[in-house]
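Undergrad: Can you keep this structure in mind? I'll have questions shortly.
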Amino acid sequence: MLQFITSPIIFFVSLSLFTVGGVGSLLIRKNDELANLWSSFFAVAGSALGLIFSTGAILSGQNLFYALGAPIFPIFAFSFHFDLLANYFIFIISFISFFCSIYGAGYAKHYYKKYSIGALGFFYNLFIAVLYLVVASSNGLFFLISWELMSVLSYFLVVYDHNDKNNVKAGTLYLVMTYAGTAFITLSFLFLYKYTGSFDFAVIKSNIAAVPLAVKNTIFIFVLIGLGAKSGIIPFHIWLPAAHPAAPSHVSALMSGVMIKIGIYMMIRLFLDLLQPAPAWWGMTVLVVGSVSALLGVLYALTEHDIKRLLAYHSIENIGIILLGLGSALVFYSFNMPSLALIGLAAALFHTINHAIFKSLLFLSAGAVINETHTRNMEEYGGLIKYMPMTALFFLIGAMAISALPLFNGFWSEWLTFQALFQGISQLQSSVQWIFILSGGALAFTGGLALACFVKAFGSIFLGRSRSPEVAECKECSMPMQIGMGGLAVSTLLFGLFSGSVIIILEKIGRSFSVSGNAPSFIRLSSYQSLNIKDSFSSASAPMYFAFLSVAVLIIFLVVRYAINKTQKIKIGKTWNCGTDLTPRMEITSTGFARSIVMIFKGVLKPSVQHDIEYHDAETRYMPKSRAVTFSLNDLYHSYLYNPIHTAINSLSIKMKNIQGGNVNIYISYIFIALVISLISIL
């Protein structure tokens with residue numbers, strides 16, 4: 001039975017289900033309800049099959065190479081590699097898309113008679129199928145083709161609500177950045193082909209010694225830029241806060257939870273598998289990039305009052321945390337410490353799936369709120385817990401998970417990341433220790449700021465008084481949407497409680513790389529899911545934490561219920577309102593909540609405050625009619641990087657227009673000069 005479910009045939013059947021779901025929903029696009037049901041059914045079925053295949057393949061330790069038919073060209077083949085790393089990412093794609101597809105069946109209803117549901121189903125199903133192809137491809141050209149399809153399909157999903165000009169603008173920015181990134185990835189594979197003579201990953205790995213070190217270093221930089229642009233690392237992140245909010249919410253969950261992790265997958269594939277051995281500065285560079293992305297990502301999230309932009313910035317933050325684990329693994333491998341490297345790699349892989357789960361949950365919860373309030377501005381929410389209690393519960397669980405609170409999955413992957421960084425501090429030489437110390441400090445600081453950010457978010461959205469009339473008309477979301485969110489919410493707890501078993505599996509994935517060799521394990525799992533790191537350097541048990549917190553909560557409840565209430569009488573009265581009506585204007589806003597933190601980091605965030613006052617009488621300035629305070633931020637990257645580049649390109653383009661004189665003879669002379677230069681270069 002296990003041999004059957006791990007057969008590549010199951011994988012290809014899953015792809016065919018997504019294809020049927022996408023093409024079928026487009027053919028029946030005139031019937032919105034039927035198209036939605038058709039698309040959702042095949043998306044759920046395809047994801048379920050992918051989940052069965054990947055789970056069985058991981059548990060069995062399967063490592064298969066599969067070529068579909070004969071090569072079309074000598075350098076190109078439809079070749080697939082189902083090793084542990086690829087199977088793990090197929091599992092992540094399947095797991096998240098399964099719950100997002102269930103959610104989408106209910107969410108897409110508010111698009112009926114507004115946009116083509118058939119088109120949404122077409123692009124959505126094919127997008128998931130192409131994600132599978134990108135991860136499973138074992139040929140550079142096949143990977144690039146799949147990568148481009150992923151980018152194009154996701155672009156059409158971003159601009160699906162094309163009546164909003166901001167969405168179209170966000171899609172254009174996304175397309176420009178993704179093509180710029182693809183150019184660097186393409187150059188990297190061309191360099192590898194030049195020295196290894198093949199685009200096949202297995203051939204590249206076996207012939208990597210033929211690549212000069214200077215070329216390998218160039219490839220590393222190009223790969224970091226190209227894949228980093230797709231993953232949203234700073235400073236190549238500018239498309240992400242614009243594109244993710246523009247897409248439908250279940251698509252935003254897939255893009256943030258899954259698509260940006262494809263860049264992480266390829267970094268692991270290249271840096272730890274194909275391009276080994278690697279110099280130490282590669283890992284140190286990744287650590288620095290990860291620290292900056294994590295810290296600045298959460299700082300920019302704190303300044304946002306658009307709920308989906310806030311979540312998008314937290315994706316940048318968590319990509320940075322993943323890079324901290326990956327960077328530490330690279331450093332340890334370069335110093336021939338494979339046992340310690342496995343800790344860092346397991347941390348990166350664990351946070352990859354954990355972030356996929358809780359970030360998808362948060363995007364789905366935000367989508368349910370936006371669907372009812374018709375706005376993404378958190379300043380117009382307030383008190384939604386009374387009208388949408390289940391959504392509030394799911395959002396709270398996601399917020400606790402992303403804030404790395406104990407019991408939930410986010411805590412354990414960040415805890416393991418800390419262990420990898422602490423090992424670097426204790427085991428490496430002083431010149432490298434400082435990078436690990438700063439990375440550990442950045443991770444600790446990021447965790448505190450993330451908690452503050454989600455206190456702001458949950459309080460602004462669900463607590464307090466309603467700030468707009470639309471809130472009072474809100475109701476709980478549909479059952480399919482609740483099932484999708486509920487499944488992910490339960491998963492945050494399960495992946496936390498059984499984090500020990502998950503980490504052991506992830507360490508086995510790390511051991512599948514030849515660079516790991518037969519290194520002894522520094523991660524041990526004892527009874528009660530207790531994790532032990534490097535001879536009791538650190539240990540923790542998720543079930544024991546759960547038992548302790550459960551007992552503590554029970555004791556507090558009993559004391560409050562039966563002891564305090566017996567001796568004290570509780571009187572309920574109106575809140576002191578300073579002699580005025582108690583209105584939502586008296587509540588702290590999300591902007592006001594974060595303002596003090598923003599001012600601490602004003603050197604980086606560059607905030608500006610503008611006061612607008614209107615008076616009753618121009619002659620008296622003591623009785624203002626209205627006051628308005630505008631609090632805004634100057635984007636550091638636009639101001640000092642992208643705007644100068646944009647200005648330079650425009651200036652160069654204007655100057656280049658001068659060569660377009662309209663004279664055919666001049667154009668022929670241009671061609672002649674180009675031919676002469678080409679001949680000289682050949683000779």
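Every chain in the structure tokens takes a letter, A first, then B, and so on in the order presented; its residues are numbered from 1, and the ligands are numbered from 1 following the presented order.
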Got a sec: who's within 9 Å of Tyr88 in chain A, counting only C-alpha atoms, leaving out chain neighbours fewer than 6 positions off, as a PyMOL selection string?
TA: chain A and resi 54-55+57-58+349+506+509
Undergrad: List the neighbours of Ile343 in chain A out to 12 Å using only C-alpha atoms; skip same-chain residues closer than 6 positions along the sequence, and give me the result as a ChimeraX atom specification.
TA: /A:324-333,337,349-350,413-424,503-511,516,519-524,531-534
Undergrad: Identify, on the basis of only C-alpha atoms, every residue whose closest approach to Lys169 in chain A does not exceed 12 Å; exclude the query and any residue fewer than 5 positions from it along the same chain; express the result as an NGL selection string.
TA: :A and (155 or 158-159 or 161-164 or 174-176 or 239 or 242-243 or 246)
Undergrad: Restricted to C-alpha atoms, what would the selected residues look like written as a PDB file, in the first residue's frame?
TA:
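Contents of result-v8.pdb, as written:
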```
ATOM      1  CA  TYR A 155       0.272  37.940 -11.523  1.00  0.00           C
ATOM      2  CA  VAL A 158      -2.952  39.610  -8.030  1.00  0.00           C
ATOM      3  CA  VAL A 159      -4.804  41.727 -10.637  1.00  0.00           C
ATOM      4  CA  ASP A 161      -9.846  42.634  -8.910  1.00  0.00           C
ATOM      5  CA  HIS A 162      -8.803  44.724 -11.913  1.00  0.00           C
ATOM      6  CA  ASN A 163     -11.313  47.522 -11.318  1.00  0.00           C
ATOM      7  CA  ASP A 164      -9.058  48.783  -8.542  1.00  0.00           C
ATOM      8  CA  TYR A 174       5.264  42.467  -8.886  1.00  0.00           C
ATOM      9  CA  LEU A 175       5.861  41.466 -12.495  1.00  0.00           C
ATOM     10  CA  VAL A 176       8.804  43.850 -12.880  1.00  0.00           C
ATOM     11  CA  TRP A 239       6.462  44.233  -4.417  1.00  0.00           C
ATOM     12  CA  ALA A 242       1.598  45.779  -2.504  1.00  0.00           C
ATOM     13  CA  ALA A 243       0.854  42.464  -4.258  1.00  0.00           C
ATOM     14  CA  ALA A 246      -4.314  42.974  -3.795  1.00  0.00           C
TER      15      ALA A 246
END
```
Undergrad: Distance CA of Asn650 in chain A-CA of Ile677 in chain A, one decimal place?
TA: 27.3 Å
Undergrad: Give me, please, the distance in Å between CA of Leu296 in chain A and CA of Thr446 in chain A, quoted to one decimal.
TA: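 Separating CA of Leu296 in chain A from CA of Thr446 in chain A is a distance of 8.7 Å.
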Undergrad: Could you pull out the alpha helix (DSSP H) residues of range 20-136 of chain A from DSSP and send them as an NGL selection string?
TA: :A and (20-27 or 32-60 or 84-107 or 117-136)
Undergrad: Based on the selection just made, write C-alpha atoms of those residues as a PDB file, in the first residue's frame.
TA:
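Result saved to out24.pdb:
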```pdb
ATOM      1  CA  VAL A  20      -9.227  19.522 -14.873  1.00  0.00           C
ATOM      2  CA  GLY A  21     -10.366  21.846 -12.099  1.00  0.00           C
ATOM      3  CA  GLY A  22      -8.838  24.888 -13.756  1.00  0.00           C
ATOM      4  CA  VAL A  23      -9.864  24.212 -17.350  1.00  0.00           C
ATOM      5  CA  GLY A  24     -13.330  22.990 -16.336  1.00  0.00           C
ATOM      6  CA  SER A  25     -14.096  26.064 -14.240  1.00  0.00           C
ATOM      7  CA  LEU A  26     -13.094  28.259 -17.183  1.00  0.00           C
ATOM      8  CA  LEU A  27     -15.394  26.355 -19.565  1.00  0.00           C
ATOM      9  CA  ASP A  32     -20.598  31.355 -11.050  1.00  0.00           C
ATOM     10  CA  GLU A  33     -21.850  28.909  -8.444  1.00  0.00           C
ATOM     11  CA  LEU A  34     -21.109  25.803 -10.528  1.00  0.00           C
ATOM     12  CA  ALA A  35     -17.679  27.133 -11.523  1.00  0.00           C
ATOM     13  CA  ASN A  36     -16.842  27.796  -7.867  1.00  0.00           C
ATOM     14  CA  LEU A  37     -17.930  24.316  -6.754  1.00  0.00           C
ATOM     15  CA  TRP A  38     -16.069  22.665  -9.633  1.00  0.00           C
ATOM     16  CA  SER A  39     -12.857  24.615  -8.982  1.00  0.00           C
ATOM     17  CA  SER A  40     -12.962  24.080  -5.205  1.00  0.00           C
ATOM     18  CA  PHE A  41     -13.710  20.347  -5.469  1.00  0.00           C
ATOM     19  CA  PHE A  42     -10.795  19.578  -7.770  1.00  0.00           C
ATOM     20  CA  ALA A  43      -8.450  21.876  -5.842  1.00  0.00           C
ATOM     21  CA  VAL A  44      -9.297  20.084  -2.587  1.00  0.00           C
ATOM     22  CA  ALA A  45      -9.029  16.650  -4.244  1.00  0.00           C
ATOM     23  CA  GLY A  46      -5.704  17.458  -5.904  1.00  0.00           C
ATOM     24  CA  SER A  47      -4.301  18.836  -2.651  1.00  0.00           C
ATOM     25  CA  ALA A  48      -5.475  15.762  -0.738  1.00  0.00           C
ATOM     26  CA  LEU A  49      -3.726  13.440  -3.202  1.00  0.00           C
ATOM     27  CA  GLY A  50      -0.566  15.528  -3.011  1.00  0.00           C
ATOM     28  CA  LEU A  51      -0.773  15.353   0.772  1.00  0.00           C
ATOM     29  CA  ILE A  52      -1.081  11.553   0.713  1.00  0.00           C
ATOM     30  CA  PHE A  53       1.807  11.191  -1.735  1.00  0.00           C
ATOM     31  CA  SER A  54       4.195  13.534   0.097  1.00  0.00           C
ATOM     32  CA  THR A  55       3.403  12.174   3.574  1.00  0.00           C
ATOM     33  CA  GLY A  56       4.048   8.601   2.475  1.00  0.00           C
ATOM     34  CA  ALA A  57       7.213   9.589   0.610  1.00  0.00           C
ATOM     35  CA  ILE A  58       8.639  11.430   3.632  1.00  0.00           C
ATOM     36  CA  LEU A  59       7.877   8.620   6.086  1.00  0.00           C
ATOM     37  CA  SER A  60       9.340   6.002   3.747  1.00  0.00           C
ATOM     38  CA  LEU A  84      13.126  14.142   0.906  1.00  0.00           C
ATOM     39  CA  LEU A  85      13.552  17.896   0.429  1.00  0.00           C
ATOM     40  CA  ALA A  86      11.243  18.049  -2.606  1.00  0.00           C
ATOM     41  CA  ASN A  87       8.676  15.797  -0.912  1.00  0.00           C
ATOM     42  CA  TYR A  88       8.717  18.014   2.172  1.00  0.00           C
ATOM     43  CA  PHE A  89       7.910  21.131   0.149  1.00  0.00           C
ATOM     44  CA  ILE A  90       5.245  19.232  -1.803  1.00  0.00           C
ATOM     45  CA  PHE A  91       3.747  18.422   1.604  1.00  0.00           C
ATOM     46  CA  ILE A  92       3.742  22.125   2.563  1.00  0.00           C
ATOM     47  CA  ILE A  93       2.092  23.125  -0.722  1.00  0.00           C
ATOM     48  CA  SER A  94      -0.529  20.381  -0.401  1.00  0.00           C
ATOM     49  CA  PHE A  95      -1.262  21.049   3.271  1.00  0.00           C
ATOM     50  CA  ILE A  96      -1.819  24.791   2.871  1.00  0.00           C
ATOM     51  CA  SER A  97      -3.674  24.564  -0.454  1.00  0.00           C
ATOM     52  CA  PHE A  98      -6.038  21.930   1.017  1.00  0.00           C
ATOM     53  CA  PHE A  99      -7.373  24.306   3.678  1.00  0.00           C
ATOM     54  CA  CYS A 100      -7.182  27.396   1.452  1.00  0.00           C
ATOM     55  CA  SER A 101      -9.268  25.624  -1.199  1.00  0.00           C
ATOM     56  CA  ILE A 102     -11.951  24.721   1.349  1.00  0.00           C
ATOM     57  CA  TYR A 103     -11.952  28.334   2.532  1.00  0.00           C
ATOM     58  CA  GLY A 104     -12.080  29.594  -1.058  1.00  0.00           C
ATOM     59  CA  ALA A 105     -15.336  27.747  -1.712  1.00  0.00           C
ATOM     60  CA  GLY A 106     -17.049  30.108   0.727  1.00  0.00           C
ATOM     61  CA  TYR A 107     -14.932  33.198   0.170  1.00  0.00           C
ATOM     62  CA  ILE A 117     -15.329  32.957 -10.961  1.00  0.00           C
ATOM     63  CA  GLY A 118     -14.284  30.619 -13.755  1.00  0.00           C
ATOM     64  CA  ALA A 119     -11.172  32.703 -14.418  1.00  0.00           C
ATOM     65  CA  LEU A 120     -10.348  32.729 -10.696  1.00  0.00           C
ATOM     66  CA  GLY A 121     -10.688  28.940 -10.533  1.00  0.00           C
ATOM     67  CA  PHE A 122      -8.590  28.518 -13.677  1.00  0.00           C
ATOM     68  CA  PHE A 123      -5.644  30.575 -12.454  1.00  0.00           C
ATOM     69  CA  TYR A 124      -5.922  29.264  -8.879  1.00  0.00           C
ATOM     70  CA  ASN A 125      -5.822  25.559  -9.784  1.00  0.00           C
ATOM     71  CA  LEU A 126      -3.035  25.928 -12.310  1.00  0.00           C
ATOM     72  CA  PHE A 127      -1.069  28.043  -9.849  1.00  0.00           C
ATOM     73  CA  ILE A 128      -1.046  25.187  -7.318  1.00  0.00           C
ATOM     74  CA  ALA A 129      -0.105  22.665 -10.023  1.00  0.00           C
ATOM     75  CA  VAL A 130       2.830  24.805 -11.155  1.00  0.00           C
ATOM     76  CA  LEU A 131       4.037  25.129  -7.547  1.00  0.00           C
ATOM     77  CA  TYR A 132       4.329  21.329  -7.564  1.00  0.00           C
ATOM     78  CA  LEU A 133       6.303  21.416 -10.814  1.00  0.00           C
ATOM     79  CA  VAL A 134       8.774  24.026  -9.562  1.00  0.00           C
ATOM     80  CA  VAL A 135       9.596  21.977  -6.466  1.00  0.00           C
ATOM     81  CA  ALA A 136       9.830  18.618  -8.251  1.00  0.00           C
TER      82      ALA A 136
END
```
Undergrad: Quick one: residues within 12 Å of Val490 in chain A, only C-alpha atoms, excluding same-chain residues fewer than 2 positions away - as a list in words?
TA: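 Everything that qualifies: Phe99, Ile357, Phe358, Leu361, Leu393, Phe394, Ile397, Gly398, Ala401, Leu407, Phe408, Asn409, Gln482, Ile483, Gly484, Met485, Gly486, Gly487, Leu488, Thr492, Leu493, Leu494, Phe495, Gly496 and Leu497 of chain A.
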Undergrad: May I have the selected residues written with C-alpha atoms, as a short mmCIF file (atom, residue, chain, number, x, y, z; two decimals), in the first residue's frame?
TA:
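Below is the file that was written, out_17.cif:
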```cif
data_model
loop_
_atom_site.label_atom_id
_atom_site.label_comp_id
_atom_site.auth_asym_id
_atom_site.auth_seq_id
_atom_site.Cartn_x
_atom_site.Cartn_y
_atom_site.Cartn_z
CA PHE A 99 -7.37 24.31 3.68
CA ILE A 357 0.47 27.51 8.66
CA PHE A 358 0.03 30.53 10.92
CA LEU A 361 -4.44 31.32 9.03
CA LEU A 393 -10.60 33.05 18.00
CA PHE A 394 -8.80 31.87 14.86
CA ILE A 397 -4.49 31.64 17.68
CA GLY A 398 -2.58 32.75 14.59
CA ALA A 401 1.65 31.41 16.99
CA LEU A 407 2.60 25.70 23.00
CA PHE A 408 2.09 26.97 19.46
CA ASN A 409 4.31 25.95 16.58
CA GLN A 482 -14.55 28.50 9.24
CA ILE A 483 -13.45 24.95 8.37
CA GLY A 484 -10.44 26.26 6.43
CA MET A 485 -9.40 28.53 9.29
CA GLY A 486 -10.19 25.94 11.95
CA GLY A 487 -8.01 23.28 10.33
CA LEU A 488 -5.02 25.61 10.27
CA THR A 492 -0.64 25.39 14.95
CA LEU A 493 -1.25 23.54 18.22
CA LEU A 494 -0.55 20.04 16.87
CA PHE A 495 2.72 21.06 15.24
CA GLY A 496 3.66 22.63 18.57
CA LEU A 497 2.73 19.65 20.75
#
```
Undergrad: Give me, as a CSV table (one decimal) with N, CA and C atoms, in the first residue's frame, all polymer residues having an atom no more than 7 Å from Leu364 in chain A, counting only C-alpha atoms and skipping those fewer than 5 positions away in the same chain.
TA:
```csv
chain,number,residue,atom,x,y,z
A,249,SER,N,-8.1,36.8,-0.7
A,249,SER,CA,-7.4,36.4,0.6
A,249,SER,C,-6.9,35.0,0.6
A,250,HIS,N,-7.6,34.0,0.0
A,250,HIS,CA,-7.1,32.6,0.0
A,250,HIS,C,-5.9,32.5,-0.9
A,253,ALA,N,-3.0,34.0,1.1
A,253,ALA,CA,-2.5,33.0,2.0
A,253,ALA,C,-1.5,32.0,1.3
A,485,MET,N,-10.2,27.9,8.2
A,485,MET,CA,-9.4,28.5,9.3
A,485,MET,C,-9.2,27.6,10.5
```
Undergrad: Which residues are near Tyr387 in chain A? Cut-off 10 Å, only C-alpha atoms, ignore same chain within fewer than 6 positions. Put them as a PyMOL selection string.
TA: chain A and resi 462+471-477
Undergrad: Taking C-alpha atoms for each residue, export the selection above as a PDB file, in the first residue's frame.
TA:
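Generated file (part-v5.pdb):
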```
ATOM      1  CA  PHE A 462     -11.710  42.763  17.675  1.00  0.00           C
ATOM      2  CA  VAL A 471     -19.202  46.769  12.036  1.00  0.00           C
ATOM      3  CA  ALA A 472     -22.662  46.466  13.595  1.00  0.00           C
ATOM      4  CA  GLU A 473     -23.899  44.793  10.402  1.00  0.00           C
ATOM      5  CA  CYS A 474     -21.166  42.159  10.376  1.00  0.00           C
ATOM      6  CA  LYS A 475     -21.898  38.476  10.871  1.00  0.00           C
ATOM      7  CA  GLU A 476     -19.812  35.348  11.202  1.00  0.00           C
ATOM      8  CA  CYS A 477     -18.327  33.985   7.999  1.00  0.00           C
TER       9      CYS A 477
END
```
Undergrad: Measuring atom to atom with only C-alpha atoms, identify which of A:Thr19, A:Asn139, A:Ser468, A:Ser669 is nearest to His374 in chain A.
TA: A:Ser468
